[in-house]
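Report on the structure given below.
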Amino acid sequence: MRKNIAVLPGDGIGPEVTRAAVDVLQDCAQTFGHLFDFQEFPFGGIAIDKCCGNPLPPETLEGCRASDAILLGAIGGPKWESLPFGTRPEAGLLGLRKELGLYINLRPIRLRPALSSISPLRPERLQGCDFEIVRELAGDIYFGEHHISGSGKDASASDLAFYSAAEVERVARYAFDRAAGRKKHLTSVDKANVLATSTLWRDTVRALAGEYSGVNVDHQYVDNASMQIVLRPAQFDVILTGNMFGDILSDEASALAGSIGLIPSLSRGRVDQPALYEPIHGSAPFLAGKDVACPLGAILSASLMLRESFGLVAEAQWIEDAVDRVLDRGFRTADIAEPGGRAVSGSEFTKQIRDELRAAPARAGRRGA
């Protein structure tokens, strides 16, 4: 198999964790006989600095469009926070989502068994915790009209939240299909008691549920859902929600795994368009260059790419198994280390994973045949 992968290292620790993911993908290609062509493009703050103030340069957009999948590190940082609204690094990410038609975001919340002790929840609450959050990515208040007027005490501001039934239905169908392939349980999260957009959301999901008779559907208000994720996370299988609620809930849910740096994500649109893969952590510029960043979110994003975009299930499992073996041996970066544990640098942690991959090539090769 030959695939073109656009690499957007981004800002802060982005280049470090992306490098780790690319190294692992290269190991995968060598072991399984694939060919992955990587092309790197500027994006985010680094693109603002190098490309005339544009966080999404035209050549980056075209490179992404021409790829089979996109791997992103992280963007943003205090350096660019003073820029005018709409010109910051995050505007590049919103622009990329819009231009590529990425309207679905998937974040799997799976706990690595060896890291259960760093979760803030007691072990009994974590039993059976394995769910996915499907977030609508192209609508809601993030893409509505934003308006600021006046100044000082006379200032006012507004943000428009907008959804059409068609926008809700297309992401809901994806969530129903995910649930049908898992434990057949879908939880739709909204705020239908006070928001018109949420009323439309709930009505659309209810109407669509009739086409998926094998999937059990329930509805929760977002405030209750945020509490239930902490109280009884094992009750969830697939959570479906809008853009803003999904942004908040998925960050909350990542804490169950012990660190936001452990969670991968997928952003996609039509199946014939490239999908975007990225860890959900920020750029952490204060850690950049210190070789302390945890690469797991990026490496697991690469594994998710193999599984979801390329259909390489055995290869993805090969990587995830190696990650678990390294964790079982006690290796940790400082952010996920327990007191008295074995904390190593980010590059050493990546090396340990790559050594594990090389130690099991024959096994992996048979599985992928």
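Order determines the names: the first chain of the structure tokens is A, the second B, and so forth; residues in each chain are numbered 1 upward, and ligands are numbered 1 upward as they are shown.
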
Would you kindly return, as a PDB file with C-alpha atoms, in the first residue's frame, each protein, DNA or RNA residue with an atom no farther than 12 Å from any atom of stretch 172-179 of chain A, considering only C-alpha atoms and excluding same-chain residues fewer than 2 positions away?
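The resulting selection02.pdb:
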ATOM      1  CA  TYR A 103     -17.662  17.988   9.936  1.00  0.00           C
ATOM      2  CA  ILE A 104     -17.118  14.950  12.181  1.00  0.00           C
ATOM      3  CA  ASN A 105     -14.711  14.671  15.102  1.00  0.00           C
ATOM      4  CA  LEU A 106     -14.106  11.321  16.809  1.00  0.00           C
ATOM      5  CA  ARG A 107     -12.327  11.023  20.149  1.00  0.00           C
ATOM      6  CA  PRO A 108     -11.953   7.518  21.606  1.00  0.00           C
ATOM      7  CA  PHE A 131     -16.489   4.969  24.847  1.00  0.00           C
ATOM      8  CA  GLU A 132     -16.276   7.352  21.921  1.00  0.00           C
ATOM      9  CA  ILE A 133     -17.335  10.974  21.576  1.00  0.00           C
ATOM     10  CA  VAL A 134     -18.641  12.000  18.166  1.00  0.00           C
ATOM     11  CA  ARG A 135     -18.628  15.786  17.914  1.00  0.00           C
ATOM     12  CA  GLU A 136     -20.142  17.838  15.110  1.00  0.00           C
ATOM     13  CA  LEU A 137     -17.266  19.984  13.869  1.00  0.00           C
ATOM     14  CA  ALA A 165     -31.363  19.542  10.223  1.00  0.00           C
ATOM     15  CA  ALA A 166     -29.094  18.308   7.429  1.00  0.00           C
ATOM     16  CA  GLU A 167     -25.970  19.211   9.415  1.00  0.00           C
ATOM     17  CA  VAL A 168     -27.263  17.328  12.441  1.00  0.00           C
ATOM     18  CA  GLU A 169     -28.344  14.320  10.414  1.00  0.00           C
ATOM     19  CA  ARG A 170     -25.035  13.748   8.644  1.00  0.00           C
ATOM     20  CA  GLY A 181     -20.579  -1.605  15.359  1.00  0.00           C
ATOM     21  CA  ARG A 182     -19.886  -1.345  19.079  1.00  0.00           C
ATOM     22  CA  LYS A 183     -22.271  -1.969  22.002  1.00  0.00           C
ATOM     23  CA  LYS A 184     -25.327  -0.561  20.191  1.00  0.00           C
ATOM     24  CA  HIS A 185     -25.900   2.330  22.578  1.00  0.00           C
ATOM     25  CA  LEU A 186     -25.989   5.995  21.547  1.00  0.00           C
ATOM     26  CA  THR A 187     -26.287   8.917  23.961  1.00  0.00           C
ATOM     27  CA  SER A 188     -27.218  12.219  22.326  1.00  0.00           C
ATOM     28  CA  VAL A 189     -26.237  15.272  24.379  1.00  0.00           C
ATOM     29  CA  TRP A 201     -30.790  18.552  17.381  1.00  0.00           C
ATOM     30  CA  ARG A 202     -32.940  16.318  19.589  1.00  0.00           C
ATOM     31  CA  ASP A 203     -35.861  16.210  17.132  1.00  0.00           C
ATOM     32  CA  THR A 204     -33.519  15.256  14.286  1.00  0.00           C
ATOM     33  CA  VAL A 205     -31.798  12.498  16.267  1.00  0.00           C
ATOM     34  CA  ARG A 206     -35.150  11.110  17.405  1.00  0.00           C
ATOM     35  CA  ALA A 207     -36.458  10.990  13.837  1.00  0.00           C
ATOM     36  CA  LEU A 208     -33.295   9.269  12.626  1.00  0.00           C
ATOM     37  CA  ALA A 209     -33.377   6.687  15.419  1.00  0.00           C
ATOM     38  CA  GLY A 210     -36.238   4.915  13.640  1.00  0.00           C
ATOM     39  CA  GLU A 211     -33.812   3.814  10.947  1.00  0.00           C
ATOM     40  CA  TYR A 212     -31.495   2.218  13.528  1.00  0.00           C
ATOM     41  CA  SER A 213     -33.794  -0.068  15.467  1.00  0.00           C
ATOM     42  CA  GLY A 214     -30.847  -2.112  16.752  1.00  0.00           C
ATOM     43  CA  VAL A 215     -29.304   0.887  18.528  1.00  0.00           C
ATOM     44  CA  ASN A 216     -30.586   1.940  21.939  1.00  0.00           C
ATOM     45  CA  VAL A 217     -30.813   5.748  22.105  1.00  0.00           C
ATOM     46  CA  PHE A 236     -21.534   5.332  27.733  1.00  0.00           C
ATOM     47  CA  ASP A 237     -20.771   3.686  24.411  1.00  0.00           C
ATOM     48  CA  VAL A 238     -21.020   6.456  21.792  1.00  0.00           C
ATOM     49  CA  ILE A 239     -21.766  10.048  22.787  1.00  0.00           C
ATOM     50  CA  LEU A 240     -23.105  12.303  20.024  1.00  0.00           C
ATOM     51  CA  THR A 241     -23.131  16.060  20.538  1.00  0.00           C
ATOM     52  CA  GLY A 242     -22.641  19.472  18.960  1.00  0.00           C
ATOM     53  CA  ARG A 268     -13.266  13.813   8.790  1.00  0.00           C
ATOM     54  CA  GLY A 269     -15.864  14.688   6.201  1.00  0.00           C
ATOM     55  CA  ARG A 270     -16.763  12.697   3.117  1.00  0.00           C
ATOM     56  CA  VAL A 271     -15.039   9.343   2.751  1.00  0.00           C
ATOM     57  CA  GLU A 308      -9.779   4.457  10.097  1.00  0.00           C
TER      58      GLU A 308
END

Within 8 Å of A:Ala343, counting only C-alpha atoms, which residues qualify if same-chain residues fewer than 3 places away don't, as a PyMOL selection string? chain A and resi 331-334+337

From a DSSP calculation on the backbone, collect every residue of stretch 103-345 of chain A in strand (DSSP E or B) and output the set as a PyMOL selection string. chain A and resi 104-110+130-136+146-149+156-159+185-190+216-221+238-241+264-268+275-279+331-332+342-343

Selection above as a file: C-alpha atoms, as a PDB file, in the first residue's frame:
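What ended up in result-v5.pdb:
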ATOM      1  CA  ILE A 104     -17.118  14.950  12.181  1.00  0.00           C
ATOM      2  CA  ASN A 105     -14.711  14.671  15.102  1.00  0.00           C
ATOM      3  CA  LEU A 106     -14.106  11.321  16.809  1.00  0.00           C
ATOM      4  CA  ARG A 107     -12.327  11.023  20.149  1.00  0.00           C
ATOM      5  CA  PRO A 108     -11.953   7.518  21.606  1.00  0.00           C
ATOM      6  CA  ILE A 109     -11.786   7.452  25.401  1.00  0.00           C
ATOM      7  CA  ARG A 110      -9.936   4.230  26.164  1.00  0.00           C
ATOM      8  CA  ASP A 130     -14.486   2.501  26.910  1.00  0.00           C
ATOM      9  CA  PHE A 131     -16.489   4.969  24.847  1.00  0.00           C
ATOM     10  CA  GLU A 132     -16.276   7.352  21.921  1.00  0.00           C
ATOM     11  CA  ILE A 133     -17.335  10.974  21.576  1.00  0.00           C
ATOM     12  CA  VAL A 134     -18.641  12.000  18.166  1.00  0.00           C
ATOM     13  CA  ARG A 135     -18.628  15.786  17.914  1.00  0.00           C
ATOM     14  CA  GLU A 136     -20.142  17.838  15.110  1.00  0.00           C
ATOM     15  CA  HIS A 146     -19.295  36.942  15.880  1.00  0.00           C
ATOM     16  CA  HIS A 147     -19.906  40.583  16.675  1.00  0.00           C
ATOM     17  CA  ILE A 148     -18.301  43.030  19.126  1.00  0.00           C
ATOM     18  CA  SER A 149     -19.385  46.643  19.394  1.00  0.00           C
ATOM     19  CA  SER A 156     -21.388  44.329  23.919  1.00  0.00           C
ATOM     20  CA  ALA A 157     -20.775  41.097  22.043  1.00  0.00           C
ATOM     21  CA  SER A 158     -22.751  38.292  20.442  1.00  0.00           C
ATOM     22  CA  ASP A 159     -22.032  34.885  18.907  1.00  0.00           C
ATOM     23  CA  HIS A 185     -25.900   2.330  22.578  1.00  0.00           C
ATOM     24  CA  LEU A 186     -25.989   5.995  21.547  1.00  0.00           C
ATOM     25  CA  THR A 187     -26.287   8.917  23.961  1.00  0.00           C
ATOM     26  CA  SER A 188     -27.218  12.219  22.326  1.00  0.00           C
ATOM     27  CA  VAL A 189     -26.237  15.272  24.379  1.00  0.00           C
ATOM     28  CA  ASP A 190     -27.901  18.681  24.013  1.00  0.00           C
ATOM     29  CA  ASN A 216     -30.586   1.940  21.939  1.00  0.00           C
ATOM     30  CA  VAL A 217     -30.813   5.748  22.105  1.00  0.00           C
ATOM     31  CA  ASP A 218     -31.049   8.014  25.124  1.00  0.00           C
ATOM     32  CA  HIS A 219     -30.821  11.797  25.483  1.00  0.00           C
ATOM     33  CA  GLN A 220     -29.043  13.794  28.181  1.00  0.00           C
ATOM     34  CA  TYR A 221     -28.725  17.497  28.845  1.00  0.00           C
ATOM     35  CA  VAL A 238     -21.020   6.456  21.792  1.00  0.00           C
ATOM     36  CA  ILE A 239     -21.766  10.048  22.787  1.00  0.00           C
ATOM     37  CA  LEU A 240     -23.105  12.303  20.024  1.00  0.00           C
ATOM     38  CA  THR A 241     -23.131  16.060  20.538  1.00  0.00           C
ATOM     39  CA  PRO A 264      -5.970  10.787  19.817  1.00  0.00           C
ATOM     40  CA  SER A 265      -8.609  12.247  17.539  1.00  0.00           C
ATOM     41  CA  LEU A 266      -9.964  11.999  14.004  1.00  0.00           C
ATOM     42  CA  SER A 267     -11.632  14.811  12.053  1.00  0.00           C
ATOM     43  CA  ARG A 268     -13.266  13.813   8.790  1.00  0.00           C
ATOM     44  CA  ALA A 275      -9.124  13.017   7.257  1.00  0.00           C
ATOM     45  CA  LEU A 276      -7.131  14.896   9.881  1.00  0.00           C
ATOM     46  CA  TYR A 277      -5.514  13.150  12.850  1.00  0.00           C
ATOM     47  CA  GLU A 278      -4.149  14.924  15.919  1.00  0.00           C
ATOM     48  CA  PRO A 279      -3.642  14.521  19.678  1.00  0.00           C
ATOM     49  CA  PHE A 331       8.327   3.536  31.246  1.00  0.00           C
ATOM     50  CA  ARG A 332       6.652   6.931  31.542  1.00  0.00           C
ATOM     51  CA  ARG A 342      10.557   5.483  35.840  1.00  0.00           C
ATOM     52  CA  ALA A 343      10.309   8.875  34.100  1.00  0.00           C
TER      53      ALA A 343
END

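Note that the spacing between atom CA of A:Asn54 and atom CA of A:Lys3 amounts to 27.8 Å.
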
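Distance check against A:Trp318 using only C-alpha atoms: of A:Leu61, A:Ala298, A:Leu25, A:Val194, the minimum falls on A:Leu25.
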
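The interatomic distance for the pair atom CA of A:Leu160 and atom CA of A:Glu145 works out to 5.2 Å.
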
Do you know which residues are at most 8 Å from A:Ala138 counting only C-alpha atoms, after dropping those on the same chain fewer than 6 positions away, and could you put them as a ChimeraX atom specification? /A:97-98,101-104,243

Write the residues you've just listed into a file as a PDB file, in the first residue's frame, and include N, CA and C atoms for each of them.
ATOM      1  N   ARG A  97     -10.634  23.024   8.660  1.00  0.00           N
ATOM      2  CA  ARG A  97     -11.843  22.212   8.792  1.00  0.00           C
ATOM      3  C   ARG A  97     -12.889  22.618   7.758  1.00  0.00           C
ATOM      4  N   LYS A  98     -13.052  23.918   7.568  1.00  0.00           N
ATOM      5  CA  LYS A  98     -14.047  24.406   6.622  1.00  0.00           C
ATOM      6  C   LYS A  98     -13.676  24.053   5.188  1.00  0.00           C
ATOM      7  N   GLY A 101     -13.992  20.395   4.495  1.00  0.00           N
ATOM      8  CA  GLY A 101     -15.303  19.813   4.787  1.00  0.00           C
ATOM      9  C   GLY A 101     -15.271  18.809   5.927  1.00  0.00           C
ATOM     10  N   LEU A 102     -14.469  19.099   6.951  1.00  0.00           N
ATOM     11  CA  LEU A 102     -14.363  18.185   8.096  1.00  0.00           C
ATOM     12  C   LEU A 102     -15.478  18.505   9.078  1.00  0.00           C
ATOM     13  N   TYR A 103     -16.504  17.690   9.098  1.00  0.00           N
ATOM     14  CA  TYR A 103     -17.662  17.988   9.936  1.00  0.00           C
ATOM     15  C   TYR A 103     -17.880  16.971  11.055  1.00  0.00           C
ATOM     16  N   ILE A 104     -17.016  15.973  11.140  1.00  0.00           N
ATOM     17  CA  ILE A 104     -17.118  14.950  12.181  1.00  0.00           C
ATOM     18  C   ILE A 104     -15.806  14.900  12.951  1.00  0.00           C
ATOM     19  N   ASN A 243     -20.861  20.980  18.423  1.00  0.00           N
ATOM     20  CA  ASN A 243     -19.480  21.434  18.361  1.00  0.00           C
ATOM     21  C   ASN A 243     -18.972  21.945  19.711  1.00  0.00           C
TER      22      ASN A 243
END

Can you pull out every residue within 7 Å of stretch 29-37 of chain A, counting only C-alpha atoms, but drop anything in the same chain fewer than 2 positions away, and send it as a PyMOL selection string? chain A and resi 1-5+25-27+39+361+365

Contacts of A:Gly297 at 12 Å (only C-alpha atoms; same-chain gap of 4+ positions) as JSON, numbers by chain: {"A": [13, 14, 16, 17, 18, 20, 21, 71, 72, 73, 74, 107, 108, 109, 110, 254, 257, 259, 260, 261, 262, 263, 264, 265, 266, 277, 278, 279, 280, 281, 282, 293, 301, 302, 303, 304, 320, 323, 346, 350]}

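Nearest to A:Ile299 of all the residues A:Ile319, A:Ala284, A:Phe38, A:Val222 is A:Ile319, counting only C-alpha atoms.
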
Identify which of the residues A:Ala180, A:Ser283, A:Ile141, A:Leu115 lies closest to A:Ile46, counting only C-alpha atoms when measuring atom-to-atom distances. A:Ser283

Looking at only C-alpha atoms, which of A:Leu231, A:Pro339, A:Val22, A:Asp223 is the one that sits closest to A:Leu249? A:Asp223
